[in-house]
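Shown next, in structure tokens, is the structure this report addresses.
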Amino acid sequence: MRSSWADAVENANSGSVENAGTSGASGASATSKSAYVPPHLRSKQPTAEPPAPSHTGPPSASDRFGYGGASGGPRYGVPRSDYGRQGYGGGGRGAGGWGSRSGGWSREREVNPFGNDDADGLAESTFSEQENTGINFDAYEDIPVETSGDNVPPPVNTFAEIDLGDALNLNIRRCKYVKPTPVQRHAIPISLAGRDLMACAQTGSGKTAAFCFPIISGIMRGGFPPRPRGTRTVFPLALILSPTRELSMQIHEEARKFSYQTGVKVVVAYGGAPINQQLRELERGVDILVATPGRLVDLLERAKVSLQMIRFLALDEADRMLDMGFEPQIRKIVEQMDMPPRGERQTMLFSATFPKEIQRLASDFLSNYIFLAVGRVGSSTDLIVQRVEFVPESDKRSHLMDLLHAQRANGVHGKQALTLVFVETKKGADALEHWLCMNHFPATTIHGDRTQQERELALRSFKSGNTPILVATDVAARGLDIPHVAHVINFDLPNDIDDYVHRIGRTGRAGKTGLATAFFNESNMSLAKSLAELMQEANQEVPDWLTRYASRASYGGGKGRRSSGARFGGRDYRRDSSYNRSGGGSDYYGGGGYGNYGNYGGGYGAGATSAWD
Ligand SMILES: Nc1ncnc2c1ncn2[C@@H]1O[C@H](COP(=O)(O)OP(=O)(O)OP(=O)(O)O)[C@@H](O)[C@H]1O
């Protein structure tokens with residue numbers, strides 16, 4: 001087990017903030033956590049006013065930041081010619097904040113997403129070598145990093161090396177981020193240089209900030225162009241898409257922290273919540289729109305949102321977004337509406353897993369991109385101890401009970417540690433929750449058949465520890481950053497090894513350690529080989545019986561979802577000769593086309609989208 005950057009951050013902060021590195025969606029401070037109200041329940045702007053900002057206004061695009069020359073490239077230099085046709089009011093707000101937007105958001109009214117932090121004290125200090133030397137990043141020194149593409153910008157070691165701007169730097173400090181994580185070290189300079197990026201890095205390694213920082217900084221750097229007047233359509237400058245409502249909410253919360261007092265306005269839109277509230281929020285002004293695909297398509301079809309001013313497009317969990325369930329919607333949003341084409345916008349794709357077939361598909365959306373893999377593509381972090389136990393179907397409940405009893409006995413003051421239990425079906429989730437509650441284990445569920453309000457309530461109750469057991473379907477498998485999840489139990493294993501990687505990645509985040517237990521039986525044979533390989537790669541103890549199952553050739557490969565050998569490639573598909581024979585389309589090593597896309601089996605059947613979105 002390694003210690004790492006998050007532990008080191010805590011040390012550097014002298015333990016003053018518990019679990020500073022895992023503040024995540026629920027807030028960088030306890031104050032922001034308790035003040036949280038889910039977006040769909042916000043019926044009006046909060047009345048509580050934050051203290052007036054100590055500085056006078058948002059940065060000017062031209063004079064505030066010392067961005068080196070054409071790092072943003074010609075993409076954002078001049079407003080596109082069609083802006084003039086829309087009846088723009090001319091003045092706009094220039095590089096100004098929301099105060100100058102008619103009927104809009106003013107920075108003075110911006111709710112402090114950090115709660116009552118010591119902003120003034122933080123403002124006085126700057127990043128310094130001294131702070132960073134206290135951090136043990138050695139654990140990551142040997143992490144394999146692969147980059148490919150033309151003229152890859154070099155990585156940085158500190159935030160101070162990159163000019164993200166004063167306001168954003170202050171927010172980074174408020175988040176207690178002392179030093180960039182490995183993926184941030186590489187991805188941020190690449191994105192700041194204006195390059196398209198396909199980035200793969202392990203779960204919990206800070207990918208959200210890796211795409212948010214360049215977007216926020218890029219918007220500030222490029223200035224806030226005037227938007228059309230006389231229309232209720234809104235024109236965001238950046239779009240961040242994610243597969244689940246809860247993940248979109250979390251990214252929104254994070255992005256709001258990062259963009260606090262920068263003048264950049266972040267709005268979220270997702271399904272299952274009243275659209276009118278989201279429309280009102282959008283009409284108050286939006287620079288960065290975080291959305292789930294289904295709700296966005298709805299907004300686009302109603303002409304409430306136009307994508308014609310998009311400069312930045314980020315797909316979080318990009319492989320999931322381009323898998324069968326979402327790909328048509330993503331294609332519609334990116335290619336068939338009014339979004340500037342690739343090459344004109346900057347596109348960033350992030351995930352912990354990136355099967356080569358999906359890489360090929362994703363390359364349709366990218367232009368002369370850089371591929372970045374921090375750690376092996378699709379690998380799990382070795383901060384998570386993985387255990388696999390052979391448990392026949394009929395014994396699963398009693399086995400779970402044993403685990404939970406043991407955990408409770410070992411817990412502080414007999415308290416149950418936060419435990420996330422993954423099951424395959426929504427019905428199975430409800431049944432298990434009921435059974436757990438009957439047996440005096442407080443549990444709740446999150447799955448696609450629950451109302452959005454129930455889902456959010458369940459998540460809050462779990463995060464707070466009031467209901468320390470969350471039974472979930474794959475809707476909670478990706479991206480959710482829940483501090484203190486001690487144990488992930490795969491009560492039912494998924495069909496696909498990448499889903500397993502994401503599920504167990506709900507623990508062992510931000511450098512913290514975690515435990516993952518899987519119940520394996522005959523129904524999981526198709527996963528044996530890839531599971532054994534994954535565990536081996538993450539230096540885990542592989543039980544002999546699993547090795548034996550894995551060695552049986554007939555069980556290899558895993559339900560045809562992945563072409564064999566693709567998984568642990570850990571590399572850019574453009575370098576793989578077998579993927580280049582079809583030729584055409586790609587702007588690097590040939591490639592193009594849809595490869596094995598039609599072969600995708602398992603995973604998410606038709607109709608899954610609505611449950612996710
Ligand atoms: N530079 C940093 N220093 C300390 N903590 C950080 C830093 N960057 C991010 N974090 C924290 O690490 C945690 C994980 O980050 P994040 O949710 O972005 O991971 P991720 O790579 O997107 O994970 P996943 O693959 O599961 O989506 C968060 O709590 C975040 O606040």
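Residues are named by chain letter and number: chains run A, B, ... in the order of the structure tokens, numbers start at 1 in each chain, and ligands are numbered from 1 in the order shown.
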
Please report, as a Markdown table, each residue of chain A lying at most 6 Å from ligand 1, together with the nearest pair of atoms and the separation in Å rounded to one decimal; use only C-alpha atoms and all ligand atoms, and order rows by chain and ascending residue number.
```
| residue | atom | partner | partner_atom_place_in_ligand_line | distance |
| --- | --- | --- | --- | --- |
| A:Ala6 | CA | ligand 1 | 4 (C) | 5.4 |
| A:Gly21 | CA | ligand 1 | 5 (N) | 3.8 |
| A:Thr22 | CA | ligand 1 | 29 (O) | 3.3 |
| A:Ser23 | CA | ligand 1 | 29 (O) | 4.6 |
| A:Gly24 | CA | ligand 1 | 29 (O) | 3.6 |
| A:Tyr177 | CA | ligand 1 | 3 (N) | 3.8 |
| A:Val178 | CA | ligand 1 | 3 (N) | 5.8 |
| A:Lys179 | CA | ligand 1 | 1 (N) | 5.0 |
| A:Pro180 | CA | ligand 1 | 1 (N) | 3.9 |
| A:Thr181 | CA | ligand 1 | 1 (N) | 4.7 |
| A:Gln202 | CA | ligand 1 | 25 (O) | 5.8 |
| A:Thr203 | CA | ligand 1 | 25 (O) | 3.3 |
| A:Gly204 | CA | ligand 1 | 23 (O) | 3.4 |
| A:Ser205 | CA | ligand 1 | 21 (O) | 3.8 |
| A:Gly206 | CA | ligand 1 | 18 (O) | 3.4 |
| A:Lys207 | CA | ligand 1 | 21 (O) | 3.9 |
| A:Thr208 | CA | ligand 1 | 18 (O) | 3.7 |
| A:Ala209 | CA | ligand 1 | 18 (O) | 5.7 |
| A:Ser351 | CA | ligand 1 | 25 (O) | 5.9 |
| A:Ala352 | CA | ligand 1 | 25 (O) | 5.1 |
| A:Arg478 | CA | ligand 1 | 26 (O) | 5.8 |
| A:Gly479 | CA | ligand 1 | 27 (O) | 3.2 |
| A:Asp481 | CA | ligand 1 | 17 (O) | 5.0 |
| A:Gly505 | CA | ligand 1 | 26 (O) | 5.7 |
| A:Arg509 | CA | ligand 1 | 14 (C) | 5.7 |
| A:Ala510 | CA | ligand 1 | 12 (O) | 4.0 |
```

If you run DSSP on the backbone, which residues of segment 358-518 of chain A are strand (DSSP E or B), as number ranges by chain? A: 370-374, 384-390, 418-422, 443-446, 469-472, 485-490, 514-518

Can you write just those residues out, C-alpha atoms, as a JSON list (two decimals), in the first residue's frame?
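Produced file result_23.json, reproduced below:
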```json
[["chain", "number", "residue", "atom", "x", "y", "z"],
["A", 370, "ILE", "CA", -2.58, 14.23, -28.01],
["A", 371, "PHE", "CA", -3.11, 10.89, -26.33],
["A", 372, "LEU", "CA", -2.17, 10.78, -22.67],
["A", 373, "ALA", "CA", -2.16, 7.72, -20.45],
["A", 374, "VAL", "CA", -1.16, 8.14, -16.83],
["A", 384, "ILE", "CA", -7.23, -0.33, -3.51],
["A", 385, "VAL", "CA", -6.84, -3.73, -1.90],
["A", 386, "GLN", "CA", -8.86, -6.12, -4.06],
["A", 387, "ARG", "CA", -10.27, -9.36, -2.75],
["A", 388, "VAL", "CA", -12.24, -11.95, -4.69],
["A", 389, "GLU", "CA", -14.20, -14.59, -2.86],
["A", 390, "PHE", "CA", -16.00, -17.54, -4.35],
["A", 418, "LEU", "CA", -19.29, 3.71, 4.38],
["A", 419, "THR", "CA", -19.89, 0.67, 2.23],
["A", 420, "LEU", "CA", -21.02, 0.70, -1.38],
["A", 421, "VAL", "CA", -22.64, -2.52, -2.55],
["A", 422, "PHE", "CA", -23.02, -2.99, -6.30],
["A", 443, "ALA", "CA", -29.15, 0.91, 3.88],
["A", 444, "THR", "CA", -30.49, 2.92, 1.00],
["A", 445, "THR", "CA", -30.42, 2.52, -2.78],
["A", 446, "ILE", "CA", -29.57, 4.44, -5.90],
["A", 469, "ILE", "CA", -24.66, 1.30, 3.27],
["A", 470, "LEU", "CA", -25.59, 2.25, -0.27],
["A", 471, "VAL", "CA", -26.85, -0.46, -2.58],
["A", 472, "ALA", "CA", -26.33, 0.70, -6.14],
["A", 485, "VAL", "CA", -16.01, 5.13, 1.19],
["A", 486, "ALA", "CA", -14.08, 2.39, 2.95],
["A", 487, "HIS", "CA", -15.37, -0.66, 1.17],
["A", 488, "VAL", "CA", -16.83, -1.42, -2.25],
["A", 489, "ILE", "CA", -18.54, -4.79, -2.45],
["A", 490, "ASN", "CA", -19.35, -6.29, -5.83],
["A", 514, "GLY", "CA", -9.54, 1.46, 0.05],
["A", 515, "LEU", "CA", -10.90, -2.06, 0.04],
["A", 516, "ALA", "CA", -12.88, -3.84, -2.67],
["A", 517, "THR", "CA", -14.44, -7.28, -2.28],
["A", 518, "ALA", "CA", -16.03, -9.20, -5.13]]
```

Hey, what's within 7 Å of Leu527 of chain A if we count only C-alpha atoms and toss same-chain stuff fewer than 4 positions away? As a JSON list (two decimals) with C-alpha atoms, in the first residue's frame, please?
```json
[["chain", "number", "residue", "atom", "x", "y", "z"],
["A", 495, "ASN", "CA", -20.04, -8.32, -17.16],
["A", 496, "ASP", "CA", -17.33, -5.95, -18.20],
["A", 497, "ILE", "CA", -13.97, -5.49, -16.53],
["A", 531, "LEU", "CA", -10.20, -9.95, -13.52],
["A", 558, "GLY", "CA", -15.26, -11.51, -21.48]]
```

Which one of A:Thr451, A:Asn521, A:Ser398, A:Asn171 sits closest to Glu254 of chain A if you count only C-alpha atoms?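 Closest to Glu254 of chain A of all the choices is A:Asn171.
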
Find the residues near Ala538 of chain A: any atom within 9 Å, counting only C-alpha atoms, skip ones fewer than 3 places away on the same chain, and give them as a list in words. Ser379, Ser380, Thr381, Asp382, Leu383, Ile384, Val385, Gln386, Glu533, Leu534 and Met535 of chain A

Just want the 10 Å neighbourhood of His186 of chain A, counted on only C-alpha atoms, with same-chain residues fewer than 5 positions away dropped. Output as a PyMOL selection string. chain A and resi 145-147+152-157+180-181+191+199+210+372-374

Would you write out those residues with N, CA and C atoms, as a PDB file, in the first residue's frame?
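File written: out_21.pdb
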```pdb
ATOM      1  N   VAL A 145       3.812   6.937 -17.813  1.00  0.00           N
ATOM      2  CA  VAL A 145       3.056   7.967 -18.527  1.00  0.00           C
ATOM      3  C   VAL A 145       3.362   7.826 -20.003  1.00  0.00           C
ATOM      4  N   GLU A 146       2.330   7.754 -20.787  1.00  0.00           N
ATOM      5  CA  GLU A 146       2.552   7.708 -22.232  1.00  0.00           C
ATOM      6  C   GLU A 146       1.857   8.898 -22.872  1.00  0.00           C
ATOM      7  N   THR A 147       2.572   9.587 -23.710  1.00  0.00           N
ATOM      8  CA  THR A 147       1.925  10.619 -24.513  1.00  0.00           C
ATOM      9  C   THR A 147       2.281  10.351 -25.965  1.00  0.00           C
ATOM     10  N   VAL A 152       4.152  17.472 -28.184  1.00  0.00           N
ATOM     11  CA  VAL A 152       3.460  17.392 -26.887  1.00  0.00           C
ATOM     12  C   VAL A 152       4.085  18.395 -25.917  1.00  0.00           C
ATOM     13  N   PRO A 153       3.300  19.314 -25.376  1.00  0.00           N
ATOM     14  CA  PRO A 153       3.855  20.269 -24.396  1.00  0.00           C
ATOM     15  C   PRO A 153       4.375  19.523 -23.166  1.00  0.00           C
ATOM     16  N   PRO A 154       5.472  19.982 -22.584  1.00  0.00           N
ATOM     17  CA  PRO A 154       6.043  19.280 -21.428  1.00  0.00           C
ATOM     18  C   PRO A 154       5.153  19.413 -20.200  1.00  0.00           C
ATOM     19  N   PRO A 155       5.239  18.426 -19.286  1.00  0.00           N
ATOM     20  CA  PRO A 155       4.438  18.512 -18.056  1.00  0.00           C
ATOM     21  C   PRO A 155       5.003  19.561 -17.103  1.00  0.00           C
ATOM     22  N   VAL A 156       4.215  19.906 -16.112  1.00  0.00           N
ATOM     23  CA  VAL A 156       4.671  20.838 -15.072  1.00  0.00           C
ATOM     24  C   VAL A 156       4.735  20.075 -13.751  1.00  0.00           C
ATOM     25  N   ASN A 157       5.440  20.645 -12.796  1.00  0.00           N
ATOM     26  CA  ASN A 157       5.511  20.016 -11.473  1.00  0.00           C
ATOM     27  C   ASN A 157       4.661  20.719 -10.436  1.00  0.00           C
ATOM     28  N   PRO A 180      -0.205  19.673  -8.349  1.00  0.00           N
ATOM     29  CA  PRO A 180      -1.042  18.942  -9.313  1.00  0.00           C
ATOM     30  C   PRO A 180      -0.834  17.435  -9.221  1.00  0.00           C
ATOM     31  N   THR A 181      -1.894  16.697  -9.431  1.00  0.00           N
ATOM     32  CA  THR A 181      -1.781  15.236  -9.481  1.00  0.00           C
ATOM     33  C   THR A 181      -1.104  14.864 -10.811  1.00  0.00           C
ATOM     34  N   SER A 191      -3.743  21.056 -22.541  1.00  0.00           N
ATOM     35  CA  SER A 191      -4.997  21.755 -22.830  1.00  0.00           C
ATOM     36  C   SER A 191      -4.792  23.260 -22.918  1.00  0.00           C
ATOM     37  N   ALA A 199      -7.429  11.641 -22.713  1.00  0.00           N
ATOM     38  CA  ALA A 199      -6.637  11.373 -21.514  1.00  0.00           C
ATOM     39  C   ALA A 199      -7.217  10.226 -20.722  1.00  0.00           C
ATOM     40  N   ALA A 210      -8.465  18.496 -14.029  1.00  0.00           N
ATOM     41  CA  ALA A 210      -7.595  18.500 -15.211  1.00  0.00           C
ATOM     42  C   ALA A 210      -8.314  19.052 -16.433  1.00  0.00           C
ATOM     43  N   LEU A 372      -2.895  10.799 -23.943  1.00  0.00           N
ATOM     44  CA  LEU A 372      -2.175  10.784 -22.671  1.00  0.00           C
ATOM     45  C   LEU A 372      -2.679   9.625 -21.823  1.00  0.00           C
ATOM     46  N   ALA A 373      -1.785   8.783 -21.384  1.00  0.00           N
ATOM     47  CA  ALA A 373      -2.164   7.720 -20.449  1.00  0.00           C
ATOM     48  C   ALA A 373      -1.277   7.834 -19.220  1.00  0.00           C
ATOM     49  N   VAL A 374      -1.892   8.084 -18.094  1.00  0.00           N
ATOM     50  CA  VAL A 374      -1.158   8.141 -16.831  1.00  0.00           C
ATOM     51  C   VAL A 374      -1.509   6.872 -16.074  1.00  0.00           C
TER      52      VAL A 374
END
```

Let's see if you can do this: from backbone DSSP, list all helix (DSSP H, G or I) residues in segment 103-342 of chain A, as a ChimeraX atom specification. /A:107-109,119-124,129-133,138-140,159-161,166-174,182-192,207-222,245-258,275-283,293-301,318-321,327-336

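We find atom CA of Met309 of chain A and atom CA of Pro214 of chain A to be spaced 17.0 Å apart.
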
Could you list, as a ChimeraX atom specification, every residue within 8 Å of Pro340 of chain A, counting only C-alpha atoms and ignoring same-chain residues fewer than 2 positions away? /A:307-311,338,342,344-345

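Minimum atom-to-atom distances from A:Ala193, A:Leu299, A:Met348, A:Leu493 to Ile333 of chain A were compared using only C-alpha atoms, and the lowest value belongs to A:Leu299.
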